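Shown next: work.cif, containing mmCIF, C-alpha atoms (C1' of nucleotides).
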```
data_data
#
loop_
_atom_site.group_PDB
_atom_site.id
_atom_site.type_symbol
_atom_site.label_atom_id
_atom_site.label_comp_id
_atom_site.auth_asym_id
_atom_site.auth_seq_id
_atom_site.Cartn_x
_atom_site.Cartn_y
_atom_site.Cartn_z
ATOM 1 C CA MET G 1131 0.000 0.000 0.000
ATOM 2 C CA ASN G 1132 1.004 3.615 -0.516
ATOM 3 C CA ILE G 1133 2.228 5.894 2.206
ATOM 4 C CA SER G 1134 -1.062 7.750 2.622
ATOM 5 C CA LYS G 1135 -2.841 4.493 3.358
ATOM 6 C CA ALA G 1136 -0.205 3.544 5.904
ATOM 7 C CA SER G 1137 -0.552 7.013 7.352
ATOM 8 C CA ALA G 1138 -4.303 6.625 7.728
ATOM 9 C CA LEU G 1139 -3.914 3.210 9.346
ATOM 10 C CA THR G 1140 -1.260 4.272 11.838
ATOM 11 C CA ASP G 1141 -2.285 7.839 12.558
ATOM 12 C CA LEU G 1142 1.222 8.994 11.685
ATOM 13 C CA PRO G 1143 1.778 11.822 9.170
ATOM 14 C CA PRO G 1144 3.511 10.749 5.947
ATOM 15 C CA LYS G 1145 6.366 13.105 6.813
ATOM 16 C CA THR G 1146 6.898 11.256 10.045
ATOM 17 C CA ILE G 1147 6.802 7.857 8.359
ATOM 18 C CA ARG G 1148 9.453 8.960 5.871
ATOM 19 C CA TYR G 1149 11.473 10.309 8.749
ATOM 20 C CA TYR G 1150 11.290 6.980 10.570
ATOM 21 C CA GLU G 1151 12.575 5.312 7.444
ATOM 22 C CA GLU G 1152 15.373 7.842 7.112
ATOM 23 C CA ILE G 1153 16.628 7.082 10.616
ATOM 24 C CA GLY G 1154 16.363 3.357 10.011
ATOM 25 C CA LEU G 1155 13.298 2.410 12.028
ATOM 26 C CA VAL G 1156 10.890 1.023 9.438
ATOM 27 C CA LYS G 1157 11.989 0.616 5.844
ATOM 28 C CA ALA G 1158 9.331 0.078 3.195
ATOM 29 C CA ALA G 1159 9.765 -1.784 -0.074
ATOM 30 C CA ARG G 1160 9.557 0.187 -3.286
ATOM 31 C CA ALA G 1161 7.086 -0.266 -6.099
ATOM 32 C CA ALA G 1162 8.173 -0.112 -9.750
ATOM 33 C CA ASN G 1163 7.338 3.584 -9.918
ATOM 34 C CA GLY G 1164 9.514 4.399 -6.917
ATOM 35 C CA TYR G 1165 6.648 4.806 -4.479
ATOM 36 C CA ARG G 1166 7.039 3.295 -1.033
ATOM 37 C CA ASP G 1167 5.045 0.104 -0.630
ATOM 38 C CA TYR G 1168 3.980 -0.859 2.894
ATOM 39 C CA SER G 1169 3.262 -4.396 4.018
ATOM 40 C CA GLU G 1170 0.965 -5.405 6.863
ATOM 41 C CA ASN G 1171 4.018 -5.987 8.985
ATOM 42 C CA ASP G 1172 5.400 -2.520 8.246
ATOM 43 C CA VAL G 1173 2.105 -1.026 9.297
ATOM 44 C CA HIS G 1174 2.176 -3.011 12.527
ATOM 45 C CA GLN G 1175 5.596 -1.689 13.348
ATOM 46 C CA LEU G 1176 4.557 1.864 12.548
ATOM 47 C CA ALA G 1177 1.503 1.537 14.762
ATOM 48 C CA PHE G 1178 3.735 0.168 17.488
ATOM 49 C CA LEU G 1179 5.938 3.229 17.120
ATOM 50 C CA GLN G 1180 2.983 5.562 17.192
ATOM 51 C CA ARG G 1181 1.767 4.083 20.449
ATOM 52 C CA ALA G 1182 5.191 3.958 22.086
ATOM 53 C CA ARG G 1183 5.972 7.562 21.087
ATOM 54 C CA SER G 1184 2.636 8.771 22.417
ATOM 55 C CA LEU G 1185 3.497 7.044 25.696
ATOM 56 C CA GLY G 1186 6.587 9.185 25.978
ATOM 57 C CA PHE G 1187 9.297 6.831 24.793
ATOM 58 C CA SER G 1188 12.054 8.607 22.884
ATOM 59 C CA ILE G 1189 12.998 7.546 19.391
ATOM 60 C CA GLU G 1190 16.030 5.699 20.695
ATOM 61 C CA GLU G 1191 13.940 3.921 23.301
ATOM 62 C CA CYS G 1192 11.495 3.024 20.573
ATOM 63 C CA ARG G 1193 14.358 1.598 18.586
ATOM 64 C CA SER G 1194 15.172 -0.676 21.528
ATOM 65 C CA LEU G 1195 11.559 -1.614 22.071
ATOM 66 C CA LEU G 1196 11.174 -2.432 18.409
ATOM 67 C CA SER G 1197 14.179 -4.705 18.422
ATOM 68 C CA LEU G 1198 12.941 -6.356 21.610
ATOM 69 C CA TYR G 1199 9.591 -6.696 19.910
ATOM 70 C CA SER G 1200 11.153 -8.421 16.927
ATOM 71 C CA ASP G 1201 13.273 -10.681 19.092
ATOM 72 C CA SER G 1202 11.025 -13.517 20.120
ATOM 73 C CA ASP G 1203 13.678 -14.705 22.549
ATOM 74 C CA ARG G 1204 14.030 -11.585 24.663
ATOM 75 C CA ALA G 1205 13.139 -11.601 28.348
ATOM 76 C CA SER G 1206 10.147 -9.579 29.395
ATOM 77 C CA SER G 1207 12.234 -8.163 32.246
ATOM 78 C CA GLU G 1208 14.184 -6.027 29.781
ATOM 79 C CA VAL G 1209 11.042 -4.346 28.614
ATOM 80 C CA LYS G 1210 9.739 -3.971 32.124
ATOM 81 C CA GLU G 1211 12.958 -2.275 33.222
ATOM 82 C CA LEU G 1212 12.735 0.255 30.428
ATOM 83 C CA THR G 1213 9.131 0.945 31.344
ATOM 84 C CA LEU G 1214 9.856 1.345 35.041
ATOM 85 C CA SER G 1215 12.696 3.770 34.441
ATOM 86 C CA LYS G 1216 10.386 5.724 32.152
ATOM 87 C CA ILE G 1217 7.916 5.928 35.008
ATOM 88 C CA ASP G 1218 10.641 7.272 37.254
ATOM 89 C CA GLU G 1219 11.498 9.936 34.724
ATOM 90 C CA ILE G 1220 7.883 10.963 34.528
ATOM 91 C CA ASP G 1221 7.637 11.164 38.305
ATOM 92 C CA GLN G 1222 10.638 13.438 38.418
ATOM 93 C CA LYS G 1223 9.191 15.699 35.780
ATOM 94 C CA ILE G 1224 5.905 15.903 37.618
ATOM 95 C CA ASP G 1225 7.692 16.900 40.813
ATOM 96 C CA GLU G 1226 9.655 19.590 39.024
ATOM 97 C CA LEU G 1227 6.546 20.986 37.438
ATOM 98 C CA LYS G 1228 4.713 20.983 40.746
ATOM 99 C CA SER G 1229 7.404 22.990 42.446
ATOM 100 C CA LEU G 1230 7.497 25.388 39.514
ATOM 101 C CA LYS G 1231 3.789 25.822 39.798
ATOM 102 C CA ASP G 1232 4.043 26.481 43.529
ATOM 103 C CA THR G 1233 6.582 29.210 42.995
ATOM 104 C CA LEU G 1234 4.612 30.862 40.224
ATOM 105 C CA SER G 1235 1.360 30.622 42.178
ATOM 106 C CA LYS G 1236 2.893 32.344 45.147
ATOM 107 C CA LEU G 1237 4.235 35.090 42.943
ATOM 108 C CA ALA G 1238 0.904 35.560 41.204
ATOM 109 C CA LYS G 1239 -0.958 35.657 44.489
ATOM 110 C CA ASN G 1240 1.165 38.523 45.730
ATOM 111 C CA CYS G 1241 0.661 40.549 42.602
ATOM 112 C CA HIS G 1242 -2.493 42.646 42.610
ATOM 113 C CA GLY G 1243 -2.539 42.624 38.810
ATOM 114 C CA ASN G 1244 -3.976 46.063 38.279
ATOM 115 C CA ASP G 1245 -2.863 48.947 36.069
ATOM 116 C CA LYS G 1246 -0.228 50.185 38.474
ATOM 117 C CA PRO G 1247 3.415 49.530 37.717
ATOM 118 C CA ASP G 1248 4.274 47.977 41.062
ATOM 119 C CA CYS G 1249 4.768 44.254 40.451
ATOM 120 C CA PRO G 1250 6.021 41.689 42.957
ATOM 121 C CA ILE G 1251 6.574 39.129 40.210
ATOM 122 C CA LEU G 1252 9.112 41.259 38.426
ATOM 123 C CA ASP G 1253 10.617 42.222 41.751
ATOM 124 C CA ASP G 1254 11.205 38.601 42.526
ATOM 125 C CA LEU G 1255 12.650 37.829 39.116
ATOM 126 C CA ALA G 1256 14.990 40.763 39.601
ATOM 127 C CA GLY G 1257 16.195 39.257 42.846
ATOM 128 C CA ARG G 1258 14.583 41.964 44.972
ATOM 129 C CA ALA G 1259 12.609 39.421 46.937
ATOM 130 C CA MET P 918 33.841 42.695 34.117
ATOM 131 C CA ASN P 919 34.686 39.749 31.858
ATOM 132 C CA ILE P 920 32.242 37.088 30.820
ATOM 133 C CA SER P 921 33.490 34.482 33.298
ATOM 134 C CA LYS P 922 32.805 36.832 36.191
ATOM 135 C CA ALA P 923 29.317 37.545 34.879
ATOM 136 C CA SER P 924 28.872 33.812 34.469
ATOM 137 C CA ALA P 925 29.823 33.178 38.098
ATOM 138 C CA LEU P 926 27.479 35.911 39.331
ATOM 139 C CA THR P 927 24.474 34.768 37.331
ATOM 140 C CA ASP P 928 24.973 31.022 37.282
ATOM 141 C CA LEU P 929 24.713 31.033 33.504
ATOM 142 C CA PRO P 930 27.370 29.344 31.349
ATOM 143 C CA PRO P 931 29.426 31.731 29.192
ATOM 144 C CA LYS P 932 28.091 29.985 26.111
ATOM 145 C CA THR P 933 24.551 30.776 27.168
ATOM 146 C CA ILE P 934 25.395 34.397 27.876
ATOM 147 C CA ARG P 935 26.880 34.777 24.408
ATOM 148 C CA TYR P 936 23.810 33.105 22.980
ATOM 149 C CA TYR P 937 21.539 35.556 24.778
ATOM 150 C CA GLU P 938 23.522 38.375 23.254
ATOM 151 C CA GLU P 939 23.326 36.824 19.815
ATOM 152 C CA ILE P 940 19.521 36.714 19.962
ATOM 153 C CA GLY P 941 19.385 40.267 21.257
ATOM 154 C CA LEU P 942 18.505 39.799 24.900
ATOM 155 C CA VAL P 943 21.445 41.319 26.775
ATOM 156 C CA LYS P 944 24.190 43.066 24.862
ATOM 157 C CA ALA P 945 27.478 43.772 26.652
ATOM 158 C CA ALA P 946 29.856 46.610 25.904
ATOM 159 C CA ARG P 947 33.267 45.748 24.490
ATOM 160 C CA ALA P 948 36.637 46.474 26.044
ATOM 161 C CA ALA P 949 39.555 47.733 23.949
ATOM 162 C CA ASN P 950 40.813 44.190 23.416
ATOM 163 C CA GLY P 951 37.457 43.013 22.060
ATOM 164 C CA TYR P 952 36.417 41.211 25.244
ATOM 165 C CA ARG P 953 32.833 41.609 26.398
ATOM 166 C CA ASP P 954 32.527 43.960 29.358
ATOM 167 C CA TYR P 955 29.540 43.484 31.661
ATOM 168 C CA SER P 956 28.032 46.235 33.804
ATOM 169 C CA GLU P 957 26.107 45.730 37.039
ATOM 170 C CA ASN P 958 22.923 46.313 35.107
ATOM 171 C CA ASP P 959 23.815 43.683 32.507
ATOM 172 C CA VAL P 960 24.407 41.213 35.298
ATOM 173 C CA HIS P 961 21.040 42.040 36.827
ATOM 174 C CA GLN P 962 19.295 41.373 33.569
ATOM 175 C CA LEU P 963 21.162 38.105 33.108
ATOM 176 C CA ALA P 964 20.225 37.000 36.615
ATOM 177 C CA PHE P 965 16.636 37.959 35.854
ATOM 178 C CA LEU P 966 16.801 35.758 32.759
ATOM 179 C CA GLN P 967 18.319 32.895 34.688
ATOM 180 C CA ARG P 968 15.520 32.971 37.223
ATOM 181 C CA ALA P 969 12.762 33.368 34.644
ATOM 182 C CA ARG P 970 14.117 30.552 32.472
ATOM 183 C CA SER P 971 14.410 28.246 35.458
ATOM 184 C CA LEU P 972 10.775 29.025 36.216
ATOM 185 C CA GLY P 973 9.835 27.675 32.828
ATOM 186 C CA PHE P 974 9.382 30.839 30.798
ATOM 187 C CA SER P 975 10.447 30.447 27.184
ATOM 188 C CA ILE P 976 13.035 32.731 25.650
ATOM 189 C CA GLU P 977 10.342 34.747 23.924
ATOM 190 C CA GLU P 978 8.400 35.075 27.153
ATOM 191 C CA CYS P 979 11.587 36.179 28.837
ATOM 192 C CA ARG P 980 12.011 38.793 26.164
ATOM 193 C CA SER P 981 8.567 40.142 27.034
ATOM 194 C CA LEU P 982 9.224 39.978 30.752
ATOM 195 C CA LEU P 983 12.499 41.783 30.289
ATOM 196 C CA SER P 984 10.889 44.591 28.346
ATOM 197 C CA LEU P 985 8.110 44.828 30.923
ATOM 198 C CA TYR P 986 10.830 44.888 33.545
ATOM 199 C CA SER P 987 12.575 47.781 31.839
ATOM 200 C CA ASP P 988 9.348 49.678 31.309
ATOM 201 C CA SER P 989 8.646 51.443 34.580
ATOM 202 C CA ASP P 990 5.203 52.397 33.305
ATOM 203 C CA ARG P 991 3.823 48.958 32.548
ATOM 204 C CA ALA P 992 0.810 47.609 34.399
ATOM 205 C CA SER P 993 1.403 44.708 36.760
ATOM 206 C CA SER P 994 -1.631 42.983 35.237
ATOM 207 C CA GLU P 995 0.327 42.259 32.078
ATOM 208 C CA VAL P 996 2.919 40.350 34.032
ATOM 209 C CA LYS P 997 0.313 38.594 36.108
ATOM 210 C CA GLU P 998 -1.502 37.417 32.990
ATOM 211 C CA LEU P 999 1.643 35.927 31.549
ATOM 212 C CA THR P 1000 2.320 34.183 34.833
ATOM 213 C CA LEU P 1001 -1.197 32.797 35.153
ATOM 214 C CA SER P 1002 -1.198 31.403 31.652
ATOM 215 C CA LYS P 1003 2.144 29.807 32.419
ATOM 216 C CA ILE P 1004 0.574 28.146 35.432
ATOM 217 C CA ASP P 1005 -2.206 26.812 33.198
ATOM 218 C CA GLU P 1006 0.350 25.354 30.833
ATOM 219 C CA ILE P 1007 2.120 23.668 33.700
ATOM 220 C CA ASP P 1008 -1.129 22.215 34.983
ATOM 221 C CA GLN P 1009 -1.879 20.762 31.589
ATOM 222 C CA LYS P 1010 1.530 19.196 31.366
ATOM 223 C CA ILE P 1011 1.193 17.672 34.810
ATOM 224 C CA ASP P 1012 -2.143 16.139 33.826
ATOM 225 C CA GLU P 1013 -0.682 14.678 30.672
ATOM 226 C CA LEU P 1014 2.247 13.201 32.523
ATOM 227 C CA LYS P 1015 -0.027 11.718 35.159
ATOM 228 C CA SER P 1016 -2.128 9.930 32.597
ATOM 229 C CA LEU P 1017 1.013 8.700 30.863
ATOM 230 C CA LYS P 1018 2.255 7.377 34.134
ATOM 231 C CA ASP P 1019 -1.032 5.621 34.824
ATOM 232 C CA THR P 1020 -0.909 3.846 31.509
ATOM 233 C CA LEU P 1021 2.684 2.775 31.907
ATOM 234 C CA SER P 1022 2.106 1.644 35.488
ATOM 235 C CA LYS P 1023 -0.750 -0.557 34.437
ATOM 236 C CA LEU P 1024 1.342 -2.080 31.694
ATOM 237 C CA ALA P 1025 4.266 -2.693 34.040
ATOM 238 C CA LYS P 1026 2.041 -4.255 36.653
ATOM 239 C CA ASN P 1027 0.763 -6.844 34.209
ATOM 240 C CA CYS P 1028 4.242 -7.796 33.100
ATOM 241 C CA HIS P 1029 5.875 -10.423 35.277
ATOM 242 C CA GLY P 1030 9.296 -9.194 34.195
ATOM 243 C CA ASN P 1031 11.097 -12.494 34.255
ATOM 244 C CA ASP P 1032 13.355 -14.178 31.703
ATOM 245 C CA LYS P 1033 10.497 -15.517 29.644
ATOM 246 C CA PRO P 1034 9.663 -13.898 26.347
ATOM 247 C CA ASP P 1035 5.966 -13.360 27.037
ATOM 248 C CA CYS P 1036 5.483 -9.629 27.609
ATOM 249 C CA PRO P 1037 2.160 -7.819 28.017
ATOM 250 C CA ILE P 1038 3.846 -4.443 27.528
ATOM 251 C CA LEU P 1039 4.988 -5.282 24.020
ATOM 252 C CA ASP P 1040 1.655 -6.934 23.358
ATOM 253 C CA ASP P 1041 -0.092 -3.722 24.183
ATOM 254 C CA LEU P 1042 2.259 -1.604 22.125
ATOM 255 C CA ALA P 1043 1.646 -3.952 19.246
ATOM 256 C CA GLY P 1044 -2.095 -3.397 19.558
ATOM 257 C CA ARG P 1045 -2.749 -6.931 20.788
ATOM 258 C CA ALA P 1046 -4.422 -5.626 23.924
ATOM 259 C "C1'" DA X 1222 59.628 32.447 24.459
ATOM 260 C "C1'" DT X 1223 56.501 29.622 26.301
ATOM 261 C "C1'" DG X 1224 52.805 27.897 28.865
ATOM 262 C "C1'" DG X 1225 48.329 28.288 30.706
ATOM 263 C "C1'" DG X 1226 44.112 30.275 31.210
ATOM 264 C "C1'" DG X 1227 41.354 33.647 29.730
ATOM 265 C "C1'" DG X 1228 38.788 35.547 25.584
ATOM 266 C "C1'" DT X 1229 36.810 35.658 20.406
ATOM 267 C "C1'" DT X 1230 34.172 33.767 16.192
ATOM 268 C "C1'" DC X 1231 31.960 30.329 13.536
ATOM 269 C "C1'" DC X 1232 30.274 25.695 12.418
ATOM 270 C "C1'" DA X 1233 27.924 21.629 13.585
ATOM 271 C "C1'" DG X 1234 24.981 18.811 16.389
ATOM 272 C "C1'" DT X 1235 21.121 17.936 19.459
ATOM 273 C "C1'" DT X 1236 15.254 16.108 19.229
ATOM 274 C "C1'" DA X 1237 11.636 14.801 16.375
ATOM 275 C "C1'" DC X 1238 9.920 16.252 13.246
ATOM 276 C "C1'" DC X 1239 7.192 20.210 9.786
ATOM 277 C "C1'" DG X 1240 6.813 23.302 5.659
ATOM 278 C "C1'" DG X 1241 7.701 24.109 1.152
ATOM 279 C "C1'" DA X 1242 9.840 23.816 -3.489
ATOM 280 C "C1'" DA X 1243 10.751 21.287 -7.695
ATOM 281 C "C1'" DG X 1244 9.492 17.627 -10.194
ATOM 282 C "C1'" DG X 1245 7.745 12.556 -11.439
ATOM 283 C "C1'" DT X 1246 3.236 9.520 -11.596
ATOM 284 C "C1'" DC X 1247 -1.417 8.208 -12.025
ATOM 285 C "C1'" DA X 1248 -6.443 8.073 -12.881
ATOM 286 C "C1'" DA X 1249 -10.342 10.519 -14.643
ATOM 287 C "C1'" DG X 1250 -12.748 13.704 -17.656
ATOM 288 C "C1'" DG X 1251 -13.314 16.321 -22.045
ATOM 289 C "C1'" DC U 978 -4.558 12.764 -26.499
ATOM 290 C "C1'" DC U 979 -4.223 16.280 -23.209
ATOM 291 C "C1'" DT U 980 -5.008 18.366 -19.068
ATOM 292 C "C1'" DT U 981 -6.005 18.632 -14.259
ATOM 293 C "C1'" DG U 982 -5.497 17.467 -9.674
ATOM 294 C "C1'" DA U 983 -4.109 14.399 -6.267
ATOM 295 C "C1'" DC U 984 -0.675 11.670 -5.211
ATOM 296 C "C1'" DC U 985 4.293 10.506 -4.721
ATOM 297 C "C1'" DT U 986 9.498 11.542 -4.642
ATOM 298 C "C1'" DT U 987 13.851 14.098 -2.847
ATOM 299 C "C1'" DC U 988 16.114 17.857 -0.812
ATOM 300 C "C1'" DC U 989 16.644 22.142 1.843
ATOM 301 C "C1'" DG U 990 15.702 24.869 5.701
ATOM 302 C "C1'" DG U 991 13.667 25.828 10.099
ATOM 303 C "C1'" DT U 992 12.175 24.891 14.878
ATOM 304 C "C1'" DA U 993 14.103 25.731 20.865
ATOM 305 C "C1'" DA U 994 17.728 26.650 23.430
ATOM 306 C "C1'" DC U 995 21.506 25.798 23.767
ATOM 307 C "C1'" DT U 996 26.337 22.758 23.827
ATOM 308 C "C1'" DG U 997 30.766 21.145 21.958
ATOM 309 C "C1'" DG U 998 34.648 21.854 19.374
ATOM 310 C "C1'" DA U 999 37.984 24.054 16.235
ATOM 311 C "C1'" DA U 1000 40.929 27.745 15.172
ATOM 312 C "C1'" DC U 1001 42.689 31.700 16.702
ATOM 313 C "C1'" DC U 1002 43.803 36.024 19.804
ATOM 314 C "C1'" DC U 1003 45.262 38.110 24.397
ATOM 315 C "C1'" DC U 1004 47.510 38.609 28.760
ATOM 316 C "C1'" DC U 1005 50.501 37.471 32.542
ATOM 317 C "C1'" DA U 1006 54.075 34.821 34.807
ATOM 318 C "C1'" DT U 1007 58.047 32.176 34.491
#
```
Target format structure tokens, applied to this file:
Amino acid sequence: MNISKASALTDLPPKTIRYYEEIGLVKAARAANGYRDYSENDVHQLAFLQRARSLGFSIEECRSLLSLYSDSDRASSEVKELTLSKIDEIDQKIDELKSLKDTLSKLAKNCHGNDKPDCPILDDLAGRA
Amino acid sequence: MNISKASALTDLPPKTIRYYEEIGLVKAARAANGYRDYSENDVHQLAFLQRARSLGFSIEECRSLLSLYSDSDRASSEVKELTLSKIDEIDQKIDELKSLKDTLSKLAKNCHGNDKPDCPILDDLAGRA
DNA sequence: ATGGGGGTTCCAGTTACCGGAAGGTCAAGG
DNA sequence: CCTTGACCTTCCGGTAACTGGAACCCCCAT
């Protein structure tokens, strides 16, 4: 099938599919006219990528997952490890964002937000806390 | 003062300071030998940037904040608006990350993570849920 | 004069793509 | 048969916010 069909089936833009091929993730066959020709298996792998990317795995992590996926002999513990460390990363990011939010909320609360120039937010940013 | 002194005072790498100059944020004077020469005021602005960036404001937002900072006539409401919308952004991101984490946690929980090849995580990614 | 630790510029790379240009291909309609 | 429009192709450049490295200059002490 052509790239637009694969795109529709995987919910990945054609540009992205070509990009994945360029970086060696999923390589399609070519038809006589030079068009890319996707097999069922290609589409499966692309859909796999789509899902893994949307779950926050980086391209390089996806590359690992894909090779684990294709290796029928791999241990499930490898995949689980990758997933658990991803969860840790996410937890860290959430914590960071929460503390950011706290700081900004405090600043906003102290700022009356009217048309006068006095502004505690800027004062804080300037180090005049 | 030289760039390394400014760097020490603001906790910004010299590379970053030069970058900020390149994109027109804080421009230092030049000494006779061509070295950048930072004033107290320059350092204040750099420190302001450092703090604002670490609070999650983008470069372009920092540019706005900096011009609001330099404009003694601006209304504090402008700054407060920017801050509140930043808080909204952060909230959204936290929500996204939480739902990501939920999904991954569920997947990890169902995976026994041993040395056998059977792996529910990969099964899910492959759409065999 | 030489060695080390500043400084300078410019180029390239990072992540994961997106937009657009220039041009080949294909199916349908007149 | 020709045109039109929707596909497809490749390649180039841009995004955010820097970071690393190369090649070179400057200043001070030995």
Using the chain letters and numbers from the file, give me the residues hit by the PyMOL selection byres ((chain X and resi 1231) around 12), as number ranges by chain. X: 1229-1230, 1232-1233; U: 998-1001
After superposing chain G onto chain P (least squares, all C-alpha atoms, pairing by order), export the transformed chain as a CSV table (one decimal) with C-alpha atoms, in the frame of the given file.
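Saved the output as selection-v3.csv:
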```csv
chain,number,residue,atom,x,y,z
G,1131,MET,CA,33.8,42.9,34.1
G,1132,ASN,CA,34.7,39.9,31.9
G,1133,ILE,CA,32.3,37.2,30.9
G,1134,SER,CA,33.6,34.7,33.3
G,1135,LYS,CA,32.8,37.0,36.2
G,1136,ALA,CA,29.3,37.7,34.9
G,1137,SER,CA,28.9,33.9,34.5
G,1138,ALA,CA,29.9,33.3,38.1
G,1139,LEU,CA,27.6,36.1,39.4
G,1140,THR,CA,24.6,34.9,37.4
G,1141,ASP,CA,25.1,31.1,37.4
G,1142,LEU,CA,24.8,31.1,33.6
G,1143,PRO,CA,27.5,29.5,31.4
G,1144,PRO,CA,29.5,31.9,29.2
G,1145,LYS,CA,28.2,30.1,26.2
G,1146,THR,CA,24.7,30.9,27.2
G,1147,ILE,CA,25.5,34.5,27.9
G,1148,ARG,CA,27.0,34.9,24.5
G,1149,TYR,CA,23.9,33.2,23.1
G,1150,TYR,CA,21.6,35.6,24.8
G,1151,GLU,CA,23.6,38.4,23.3
G,1152,GLU,CA,23.4,36.8,19.8
G,1153,ILE,CA,19.6,36.7,20.0
G,1154,GLY,CA,19.4,40.3,21.3
G,1155,LEU,CA,18.5,39.8,24.9
G,1156,VAL,CA,21.5,41.4,26.8
G,1157,LYS,CA,24.2,43.1,24.8
G,1158,ALA,CA,27.5,43.9,26.6
G,1159,ALA,CA,29.8,46.7,25.9
G,1160,ARG,CA,33.2,45.9,24.5
G,1161,ALA,CA,36.6,46.6,26.0
G,1162,ALA,CA,39.5,47.9,23.9
G,1163,ASN,CA,40.8,44.4,23.4
G,1164,GLY,CA,37.5,43.1,22.1
G,1165,TYR,CA,36.4,41.4,25.3
G,1166,ARG,CA,32.8,41.7,26.4
G,1167,ASP,CA,32.5,44.1,29.3
G,1168,TYR,CA,29.5,43.6,31.6
G,1169,SER,CA,28.0,46.4,33.8
G,1170,GLU,CA,26.1,45.9,37.0
G,1171,ASN,CA,22.9,46.4,35.1
G,1172,ASP,CA,23.8,43.8,32.5
G,1173,VAL,CA,24.4,41.3,35.3
G,1174,HIS,CA,21.0,42.2,36.8
G,1175,GLN,CA,19.3,41.4,33.5
G,1176,LEU,CA,21.2,38.2,33.1
G,1177,ALA,CA,20.3,37.1,36.6
G,1178,PHE,CA,16.7,38.0,35.8
G,1179,LEU,CA,16.9,35.8,32.8
G,1180,GLN,CA,18.4,32.9,34.7
G,1181,ARG,CA,15.6,33.0,37.2
G,1182,ALA,CA,12.8,33.4,34.7
G,1183,ARG,CA,14.2,30.5,32.5
G,1184,SER,CA,14.6,28.3,35.5
G,1185,LEU,CA,10.9,29.0,36.3
G,1186,GLY,CA,10.0,27.6,32.9
G,1187,PHE,CA,9.5,30.8,30.9
G,1188,SER,CA,10.6,30.4,27.3
G,1189,ILE,CA,13.1,32.7,25.7
G,1190,GLU,CA,10.4,34.6,24.0
G,1191,GLU,CA,8.5,35.0,27.2
G,1192,CYS,CA,11.6,36.1,28.9
G,1193,ARG,CA,12.0,38.7,26.2
G,1194,SER,CA,8.6,40.0,27.0
G,1195,LEU,CA,9.2,39.9,30.7
G,1196,LEU,CA,12.5,41.8,30.3
G,1197,SER,CA,10.9,44.5,28.3
G,1198,LEU,CA,8.1,44.8,30.9
G,1199,TYR,CA,10.8,44.9,33.5
G,1200,SER,CA,12.5,47.7,31.8
G,1201,ASP,CA,9.3,49.6,31.2
G,1202,SER,CA,8.6,51.4,34.5
G,1203,ASP,CA,5.1,52.3,33.2
G,1204,ARG,CA,3.8,48.8,32.5
G,1205,ALA,CA,0.8,47.5,34.4
G,1206,SER,CA,1.4,44.6,36.7
G,1207,SER,CA,-1.6,42.9,35.2
G,1208,GLU,CA,0.3,42.1,32.1
G,1209,VAL,CA,2.9,40.3,34.0
G,1210,LYS,CA,0.4,38.5,36.1
G,1211,GLU,CA,-1.5,37.3,33.0
G,1212,LEU,CA,1.7,35.8,31.5
G,1213,THR,CA,2.4,34.1,34.8
G,1214,LEU,CA,-1.1,32.7,35.1
G,1215,SER,CA,-1.1,31.3,31.6
G,1216,LYS,CA,2.2,29.7,32.4
G,1217,ILE,CA,0.6,28.1,35.4
G,1218,ASP,CA,-2.1,26.7,33.2
G,1219,GLU,CA,0.4,25.3,30.8
G,1220,ILE,CA,2.2,23.6,33.7
G,1221,ASP,CA,-1.1,22.1,35.0
G,1222,GLN,CA,-1.8,20.7,31.6
G,1223,LYS,CA,1.6,19.1,31.4
G,1224,ILE,CA,1.2,17.6,34.8
G,1225,ASP,CA,-2.1,16.0,33.8
G,1226,GLU,CA,-0.6,14.6,30.7
G,1227,LEU,CA,2.2,13.1,32.5
G,1228,LYS,CA,0.0,11.6,35.2
G,1229,SER,CA,-2.1,9.9,32.6
G,1230,LEU,CA,1.0,8.6,30.9
G,1231,LYS,CA,2.2,7.3,34.2
G,1232,ASP,CA,-1.1,5.5,34.8
G,1233,THR,CA,-1.0,3.8,31.5
G,1234,LEU,CA,2.6,2.7,31.9
G,1235,SER,CA,2.0,1.6,35.5
G,1236,LYS,CA,-0.8,-0.6,34.5
G,1237,LEU,CA,1.3,-2.2,31.7
G,1238,ALA,CA,4.2,-2.8,34.1
G,1239,LYS,CA,1.9,-4.3,36.7
G,1240,ASN,CA,0.6,-6.9,34.2
G,1241,CYS,CA,4.1,-7.9,33.1
G,1242,HIS,CA,5.7,-10.5,35.3
G,1243,GLY,CA,9.2,-9.3,34.2
G,1244,ASN,CA,10.9,-12.6,34.2
G,1245,ASP,CA,13.2,-14.3,31.6
G,1246,LYS,CA,10.3,-15.6,29.6
G,1247,PRO,CA,9.4,-14.0,26.3
G,1248,ASP,CA,5.8,-13.4,27.0
G,1249,CYS,CA,5.3,-9.7,27.6
G,1250,PRO,CA,2.0,-7.8,28.0
G,1251,ILE,CA,3.7,-4.5,27.5
G,1252,LEU,CA,4.9,-5.3,24.0
G,1253,ASP,CA,1.5,-6.9,23.3
G,1254,ASP,CA,-0.2,-3.7,24.2
G,1255,LEU,CA,2.2,-1.6,22.1
G,1256,ALA,CA,1.5,-3.9,19.2
G,1257,GLY,CA,-2.2,-3.3,19.6
G,1258,ARG,CA,-2.9,-6.8,20.8
G,1259,ALA,CA,-4.5,-5.5,24.0
```
For chain P, report every residue with an atom at most 8 Å from chain G (counting all atoms listed in the file), formatted as JSON, numbers by chain. {"P": [961, 962, 964, 965, 966, 968, 969, 972, 973, 982, 986, 989, 990, 991, 992, 993, 994, 995, 996, 997, 998, 1000, 1001, 1004, 1007, 1008, 1011, 1014, 1015, 1017, 1018, 1020, 1021, 1022, 1025, 1028, 1029, 1030, 1031, 1032, 1033, 1034, 1035, 1036, 1038, 1039, 1042, 1043, 1044]}
